[in-house]
>>> print(open('data.txt').read())   # compact mmCIF, C-alpha atoms
# COMPACT_ATOMS: atom_id res chain seq x y z
CA MET A 54 145.19 84.01 237.95
CA ARG A 55 145.85 84.15 241.68
CA ARG A 56 148.33 81.43 242.63
CA LEU A 57 146.47 80.08 245.68
CA GLU A 58 142.93 80.02 244.31
CA ASP A 59 140.91 77.25 245.99
CA ARG A 60 143.69 76.57 248.52
CA VAL A 61 143.35 76.53 252.31
CA ALA A 62 146.23 77.92 254.38
CA LEU A 63 146.83 78.14 258.11
CA VAL A 64 149.24 80.78 259.43
CA THR A 65 150.30 80.73 263.09
CA GLY A 66 151.04 83.94 264.96
CA ALA A 67 148.99 85.71 262.31
CA GLY A 68 147.49 88.35 264.59
CA ARG A 69 150.29 90.83 264.11
CA GLY A 70 153.63 91.57 262.46
CA ILE A 71 155.03 89.14 259.92
CA GLY A 72 152.18 86.66 260.43
CA ARG A 73 149.57 89.30 259.68
CA ALA A 74 151.40 90.31 256.50
CA ILE A 75 151.60 86.66 255.42
CA ALA A 76 147.88 86.18 256.05
CA HIS A 77 147.10 89.22 253.92
CA ARG A 78 149.38 88.06 251.10
CA LEU A 79 148.07 84.49 250.97
CA ALA A 80 144.47 85.70 251.08
CA GLY A 81 145.27 88.14 248.30
CA GLU A 82 146.59 85.20 246.27
CA GLY A 83 143.18 83.53 246.64
CA ALA A 84 143.57 81.28 249.68
CA LEU A 85 141.10 80.82 252.47
CA VAL A 86 143.34 81.72 255.41
CA GLY A 87 143.15 80.38 258.94
CA VAL A 88 144.39 83.28 261.07
CA ALA A 89 145.81 81.30 263.99
CA ASP A 90 146.89 83.12 267.13
CA ILE A 91 146.83 82.67 270.89
CA ASP A 92 145.21 86.11 271.12
CA GLU A 93 141.58 85.82 270.00
CA THR A 94 141.14 89.57 269.68
CA THR A 95 144.00 90.10 267.26
CA ALA A 96 143.09 86.99 265.26
CA LYS A 97 139.52 88.21 264.79
CA GLY A 98 140.82 91.66 263.95
CA VAL A 99 142.89 90.33 261.05
CA VAL A 100 139.93 88.26 259.85
CA ALA A 101 137.82 91.42 259.83
CA GLU A 102 140.50 93.22 257.80
CA LEU A 103 140.57 90.46 255.21
CA GLU A 104 136.82 90.07 254.96
CA GLY A 105 136.55 93.84 254.65
CA VAL A 106 138.37 93.68 251.31
CA GLY A 107 136.44 90.67 250.06
CA GLN A 108 138.93 87.96 251.02
CA ARG A 109 138.26 84.71 252.86
CA ALA A 110 139.52 84.06 256.38
CA MET A 111 138.69 82.28 259.63
CA SER A 112 140.06 82.89 263.11
CA VAL A 113 141.71 79.92 264.82
CA ILE A 114 142.55 80.21 268.50
CA MET A 115 145.75 78.24 268.88
CA ASP A 116 148.42 77.97 271.56
CA VAL A 117 151.26 76.31 269.66
CA THR A 118 152.90 75.17 272.91
CA ASP A 119 149.90 72.98 273.82
CA HIS A 120 150.01 69.73 271.83
CA ASP A 121 146.45 68.63 272.57
CA GLN A 122 144.96 72.07 271.95
CA VAL A 123 146.82 72.35 268.62
CA ASN A 124 145.44 68.98 267.51
CA ALA A 125 141.89 69.97 268.42
CA ALA A 126 142.12 73.39 266.79
CA MET A 127 143.67 71.96 263.62
CA SER A 128 140.97 69.29 263.30
CA GLU A 129 138.22 71.87 263.77
CA PHE A 130 139.80 74.19 261.21
CA ILE A 131 140.26 71.48 258.56
CA ALA A 132 136.63 70.39 259.00
CA ALA A 133 135.31 73.95 258.79
CA ALA A 134 137.54 75.01 255.90
CA GLY A 135 137.10 71.81 253.94
CA GLY A 136 140.78 70.97 253.69
CA LEU A 137 144.34 72.07 254.31
CA HIS A 138 146.97 72.76 251.67
CA VAL A 139 149.43 75.17 253.29
CA ILE A 140 150.88 75.47 256.80
CA VAL A 141 152.97 78.51 257.71
CA ASN A 142 154.68 78.12 261.08
CA ASN A 143 155.28 81.74 261.98
CA ALA A 144 154.47 82.07 265.71
CA GLY A 145 157.57 83.03 267.69
CA TRP A 146 158.78 84.58 270.91
CA ASP A 147 162.08 85.71 272.36
CA LYS A 148 163.63 87.65 275.20
CA ILE A 149 166.86 89.31 274.20
CA GLU A 150 169.55 89.11 276.88
CA PRO A 151 173.05 87.65 277.35
CA PHE A 152 172.91 83.88 277.80
CA VAL A 153 174.63 84.06 281.20
CA GLN A 154 171.82 86.29 282.46
CA SER A 155 168.99 84.12 281.10
CA ARG A 156 166.97 81.73 283.21
CA PRO A 157 165.65 78.18 282.65
CA GLU A 158 162.05 79.39 282.61
CA THR A 159 162.95 81.68 279.69
CA TRP A 160 164.70 78.83 277.84
CA ASP A 161 161.64 76.64 278.31
CA LYS A 162 159.29 79.25 276.82
CA VAL A 163 161.60 80.03 273.91
CA ILE A 164 161.92 76.34 273.06
CA ALA A 165 158.21 75.67 273.54
CA VAL A 166 157.14 78.44 271.15
CA ASN A 167 159.91 78.44 268.54
CA LEU A 168 160.77 74.75 268.18
CA ARG A 169 158.13 72.55 269.77
CA GLY A 170 155.39 74.82 268.43
CA PRO A 171 156.15 74.27 264.74
CA ILE A 172 156.60 70.56 265.41
CA HIS A 173 153.16 70.40 267.08
CA VAL A 174 151.43 72.30 264.28
CA THR A 175 153.15 70.40 261.48
CA ARG A 176 152.33 67.04 263.00
CA ALA A 177 148.71 68.07 263.55
CA GLY A 178 148.21 68.89 259.87
CA LEU A 179 150.50 66.35 258.25
CA ASP A 180 148.16 63.34 258.22
CA HIS A 181 145.64 65.29 256.14
CA MET A 182 148.33 66.35 253.68
CA LEU A 183 149.64 62.80 253.42
CA ALA A 184 146.16 61.48 252.73
CA GLU A 185 145.64 64.10 250.02
CA ARG A 186 149.20 63.67 248.69
CA TYR A 187 149.61 67.44 248.58
CA GLY A 188 151.01 70.05 250.94
CA ARG A 189 153.16 73.13 251.29
CA ILE A 190 154.82 73.66 254.67
CA VAL A 191 156.69 76.93 255.15
CA ASN A 192 158.58 77.46 258.39
CA ILE A 193 159.65 80.92 259.47
CA GLY A 194 163.18 80.53 260.74
CA SER A 195 165.64 83.34 261.34
CA ASP A 196 169.09 84.33 260.24
CA ALA A 197 169.88 83.93 263.94
CA GLY A 198 169.62 80.20 263.27
CA ARG A 199 172.06 80.44 260.37
CA VAL A 200 174.74 82.78 261.68
CA GLY A 201 173.91 83.38 265.37
CA SER A 202 172.71 86.55 267.06
CA THR A 203 174.08 88.17 270.21
CA GLY A 204 171.56 87.99 273.05
CA GLU A 205 169.57 85.24 271.38
CA ALA A 206 171.48 82.05 272.14
CA VAL A 207 168.55 79.73 272.85
CA TYR A 208 166.37 81.37 270.18
CA SER A 209 169.17 80.86 267.66
CA ALA A 210 169.42 77.22 268.71
CA CYS A 211 165.68 76.78 268.14
CA LYS A 212 165.76 78.39 264.71
CA GLY A 213 168.79 76.31 263.72
CA GLY A 214 166.88 73.26 264.88
CA LEU A 215 163.85 74.33 262.86
CA ILE A 216 165.99 74.55 259.73
CA ALA A 217 167.28 71.01 260.35
CA PHE A 218 163.75 69.76 261.08
CA SER A 219 162.53 71.27 257.82
CA LYS A 220 165.26 69.64 255.74
CA THR A 221 164.71 66.23 257.31
CA LEU A 222 160.94 66.36 256.97
CA ALA A 223 161.34 67.53 253.38
CA ARG A 224 163.25 64.33 252.61
CA GLU A 225 160.67 62.15 254.34
CA VAL A 226 157.60 63.53 252.55
CA ALA A 227 158.97 64.60 249.16
CA ARG A 228 157.40 61.65 247.33
CA LYS A 229 154.05 62.30 248.96
CA GLY A 230 153.53 65.58 247.12
CA ILE A 231 154.55 67.71 250.10
CA THR A 232 157.29 70.34 250.14
CA VAL A 233 158.91 71.84 253.23
CA ASN A 234 160.96 75.04 253.09
CA THR A 235 162.23 77.69 255.50
CA VAL A 236 162.19 81.47 255.18
CA CYS A 237 164.72 83.24 257.40
CA PRO A 238 164.07 86.90 258.16
CA GLY A 239 166.89 89.27 258.86
CA PRO A 240 166.21 92.41 260.93
CA THR A 241 162.54 93.21 260.29
CA ALA A 242 160.22 95.94 261.54
CA THR A 243 158.14 93.79 263.88
CA PRO A 244 156.68 95.01 267.20
CA LEU A 245 159.57 93.37 269.10
CA VAL A 246 162.25 94.99 266.94
CA GLU A 247 160.49 98.36 267.05
CA LEU A 248 160.43 98.15 270.85
CA MET A 249 164.18 97.50 270.86
CA MET A 250 164.86 100.35 268.46
CA ALA A 251 162.75 102.85 270.41
CA ASP A 252 165.44 103.18 273.06
CA ASN A 253 168.44 102.67 270.79
CA GLU A 254 168.55 104.81 267.65
CA LYS A 255 172.23 103.95 267.21
CA LEU A 256 171.31 100.28 266.83
CA LEU A 257 168.86 101.12 264.04
CA ASP A 258 171.47 103.28 262.29
CA SER A 259 174.15 100.63 262.53
CA LEU A 260 171.80 97.92 261.26
CA THR A 261 170.71 100.06 258.34
CA LYS A 262 174.30 100.76 257.39
CA ALA A 263 175.19 97.07 257.57
CA ILE A 264 172.39 95.95 255.25
CA PRO A 265 173.46 96.29 251.59
CA ILE A 266 169.96 97.29 250.44
CA GLY A 267 170.05 100.10 253.01
CA ARG A 268 166.98 99.46 255.17
CA ILE A 269 165.60 96.91 257.59
CA GLY A 270 162.95 94.54 256.31
CA GLU A 271 159.21 95.03 256.34
CA PRO A 272 156.80 92.18 257.12
CA GLU A 273 155.58 92.32 253.51
CA ASP A 274 159.09 91.42 252.33
CA LEU A 275 158.76 88.07 254.09
CA ALA A 276 155.20 87.54 252.88
CA GLY A 277 156.28 87.50 249.26
CA ALA A 278 158.83 84.77 249.88
CA VAL A 279 156.27 82.70 251.79
CA ALA A 280 153.71 83.09 249.00
CA PHE A 281 156.24 81.70 246.52
CA PHE A 282 156.96 78.60 248.62
CA ALA A 283 153.23 78.14 249.25
CA SER A 284 152.41 78.17 245.56
CA ASP A 285 152.96 75.67 242.78
CA ASP A 286 155.62 77.98 241.37
CA ALA A 287 157.80 76.25 243.99
CA ALA A 288 156.54 72.71 243.27
CA PHE A 289 160.09 71.53 242.53
CA VAL A 290 161.67 73.33 245.50
CA THR A 291 161.96 71.58 248.86
CA GLY A 292 164.32 71.44 251.80
CA GLN A 293 165.57 74.94 251.07
CA THR A 294 166.42 77.84 253.38
CA LEU A 295 165.92 81.33 252.01
CA SER A 296 167.32 84.35 253.79
CA VAL A 297 165.26 87.52 253.39
CA SER A 298 167.68 90.02 254.88
CA GLY A 299 168.44 92.69 252.31
CA GLY A 300 171.81 91.05 251.74
CA LEU A 301 172.94 91.25 255.35
CA THR A 302 173.71 87.53 255.33
CA MET A 303 174.79 85.87 252.10
CA SER A 304 175.61 82.25 251.38
>>> encode(input="data.txt", output="structure tokens")
Amino acid sequence: MRRLEDRVALVTGAGRGIGRAIAHRLAGEGALVGVADIDETTAKGVVAELEGVGQRAMSVIMDVTDHDQVNAAMSEFIAAAGGLHVIVNNAGWDKIEPFVQSRPETWDKVIAVNLRGPIHVTRAGLDHMLAERYGRIVNIGSDAGRVGSTGEAVYSACKGGLIAFSKTLAREVARKGITVNTVCPGPTATPLVELMMADNEKLLDSLTKAIPIGRIGEPEDLAGAVAFFASDDAAFVTGQTLSVSGGLTMS
């Protein structure tokens, strides 16, 4: 039996990369997936992919930085889908540069997307989960938030904050049937990473050599971990942070 049969999941930033892979995995496990993205074209494209293989999906146009728009989009999605069981906060953004060269406008955007965004989305869906006494919240952190990452000071701060937010919320809602966990990718073949690697083959080689498994991650590697936390296989797991990094970071 598929683990998410009759469940409704919303995945932010699901129009591409890791979010797209998560949407495909959760739909494959039986969920009706809300493909949430600020880009309507990519969101609808992923929905078409899923429907093309007989899976259930709906596009949700969502700007995670806009509190009011998130609330409206979440309410509309819950009404249309008939419920909400899983939230995956995946949407993210970064600009890689030394901190001393970064500007306040960059900090503001990084914080708005990577920290305030998950807070907005979680709060928008939490009342429904509390009323139903059931929920699975999976936040996509980063190993940058666990061990730091050169050129990503503010991003690392946001992801560290997201880990702390997840642990605290997990304590607050544990007796309401809701779990909250964090999946932390290591280096993963996303469009941003591929853009970085295109001009720096030495960086790719050095990363590959540093990872014990011998390759950088694929979006599907993260999707499997998210599917576990989203399912009842993880019903007794909450407040946890799982690194999916091929062994690059161990704790």
>>> closest_residue(input="data.txt", among="A:Leu222, A:Ile231, A:Ala206, A:Leu301", to="A:Pro151", atoms="only C-alpha atoms")
A:Ala206
>>> residues_around(input="data.txt", residues="stretch 233-247 of chain A", least_positions_apart="3", cutoff="6 Å", atoms="only C-alpha atoms", output="VMD selection string")
chain A and resid 70 190 to 196 219 223 250 269 to 271 291 to 298
>>> atom_distance(input="data.txt", atom1="atom CA of A:Gly213", atom2="atom CA of A:Ala126")
27.0 Å
>>> residues_near_point(input="data.txt", point="(156.2, 85.9, 247.0)", cutoff="10 Å", atoms="all atoms listed in the file", output="number ranges by chain")
A: 75, 78-79, 82, 273-284, 286
>>> closest_residue(input="data.txt", among="A:Gly72, A:His181, A:Ile216, A:Glu104", to="A:Gly145", atoms="only C-alpha atoms")
A:Gly72
>>> atom_distance(input="data.txt", atom1="atom CA of A:Ile140", atom2="atom CA of A:Val106")
22.8 Å
>>> decode(input="data.txt", residues="stretch 255-279 of chain A", atoms="N, CA, C and O atoms", output="compact mmCIF listing (two decimals), in the first residue's frame")
# COMPACT_ATOMS: atom_id res chain seq x y z
N LYS A 255 36.69 22.44 -10.75
CA LYS A 255 37.51 22.03 -9.61
C LYS A 255 36.67 21.93 -8.34
O LYS A 255 36.90 21.08 -7.49
N LEU A 256 35.68 22.83 -8.22
CA LEU A 256 34.80 22.79 -7.05
C LEU A 256 34.01 21.50 -7.02
O LEU A 256 33.87 20.85 -5.98
N LEU A 257 33.49 21.10 -8.19
CA LEU A 257 32.73 19.85 -8.27
C LEU A 257 33.63 18.66 -7.92
O LEU A 257 33.22 17.77 -7.16
N ASP A 258 34.85 18.65 -8.43
CA ASP A 258 35.77 17.56 -8.14
C ASP A 258 36.10 17.49 -6.66
O ASP A 258 36.12 16.40 -6.07
N SER A 259 36.36 18.64 -6.07
CA SER A 259 36.73 18.64 -4.66
C SER A 259 35.56 18.22 -3.78
O SER A 259 35.74 17.50 -2.79
N LEU A 260 34.34 18.66 -4.14
CA LEU A 260 33.17 18.24 -3.38
C LEU A 260 32.96 16.74 -3.48
O LEU A 260 32.71 16.07 -2.47
N THR A 261 33.09 16.22 -4.69
CA THR A 261 32.89 14.79 -4.89
C THR A 261 33.89 13.98 -4.08
O THR A 261 33.53 12.95 -3.47
N LYS A 262 35.12 14.43 -4.04
CA LYS A 262 36.15 13.72 -3.28
C LYS A 262 35.89 13.80 -1.77
O LYS A 262 36.24 12.88 -1.03
N ALA A 263 35.28 14.88 -1.33
CA ALA A 263 35.05 15.05 0.10
C ALA A 263 33.87 14.25 0.61
O ALA A 263 33.77 13.97 1.81
N ILE A 264 32.96 13.87 -0.27
CA ILE A 264 31.75 13.15 0.14
C ILE A 264 32.05 11.66 0.18
O ILE A 264 32.43 11.07 -0.85
N PRO A 265 31.92 11.01 1.33
CA PRO A 265 32.27 9.59 1.43
C PRO A 265 31.59 8.69 0.41
O PRO A 265 32.21 7.75 -0.11
N ILE A 266 30.33 8.96 0.06
CA ILE A 266 29.64 8.13 -0.91
C ILE A 266 30.17 8.37 -2.33
O ILE A 266 30.00 7.53 -3.21
N GLY A 267 30.84 9.49 -2.56
CA GLY A 267 31.54 9.70 -3.82
C GLY A 267 30.77 10.42 -4.90
O GLY A 267 31.15 10.38 -6.08
N ARG A 268 29.68 11.11 -4.54
CA ARG A 268 28.94 11.90 -5.52
C ARG A 268 28.16 12.97 -4.77
O ARG A 268 27.95 12.86 -3.56
N ILE A 269 27.74 14.02 -5.50
CA ILE A 269 26.84 14.97 -4.86
C ILE A 269 25.43 14.41 -4.92
O ILE A 269 25.14 13.49 -5.68
N GLY A 270 24.55 14.97 -4.10
CA GLY A 270 23.20 14.45 -4.02
C GLY A 270 22.36 14.78 -5.23
O GLY A 270 22.65 15.73 -5.98
N GLU A 271 21.32 14.00 -5.41
CA GLU A 271 20.28 14.27 -6.41
C GLU A 271 19.01 14.67 -5.67
O GLU A 271 18.78 14.24 -4.53
N PRO A 272 18.15 15.48 -6.28
CA PRO A 272 16.91 15.86 -5.61
C PRO A 272 16.11 14.67 -5.09
O PRO A 272 15.49 14.74 -4.02
N GLU A 273 16.14 13.56 -5.80
CA GLU A 273 15.40 12.37 -5.38
C GLU A 273 15.92 11.80 -4.07
O GLU A 273 15.17 11.13 -3.34
N ASP A 274 17.20 12.04 -3.76
CA ASP A 274 17.73 11.58 -2.48
C ASP A 274 17.03 12.27 -1.32
O ASP A 274 16.76 11.65 -0.28
N LEU A 275 16.73 13.54 -1.48
CA LEU A 275 16.02 14.29 -0.45
C LEU A 275 14.56 13.86 -0.37
O LEU A 275 13.97 13.78 0.71
N ALA A 276 13.97 13.58 -1.53
CA ALA A 276 12.55 13.25 -1.58
C ALA A 276 12.24 12.01 -0.76
O ALA A 276 11.19 11.93 -0.12
N GLY A 277 13.13 11.05 -0.77
CA GLY A 277 12.89 9.83 0.02
C GLY A 277 12.85 10.10 1.50
O GLY A 277 12.01 9.55 2.23
N ALA A 278 13.74 10.96 1.97
CA ALA A 278 13.76 11.31 3.39
C ALA A 278 12.50 12.06 3.77
O ALA A 278 11.91 11.83 4.84
N VAL A 279 12.06 12.97 2.90
CA VAL A 279 10.83 13.74 3.17
C VAL A 279 9.63 12.80 3.22
O VAL A 279 8.76 12.93 4.10
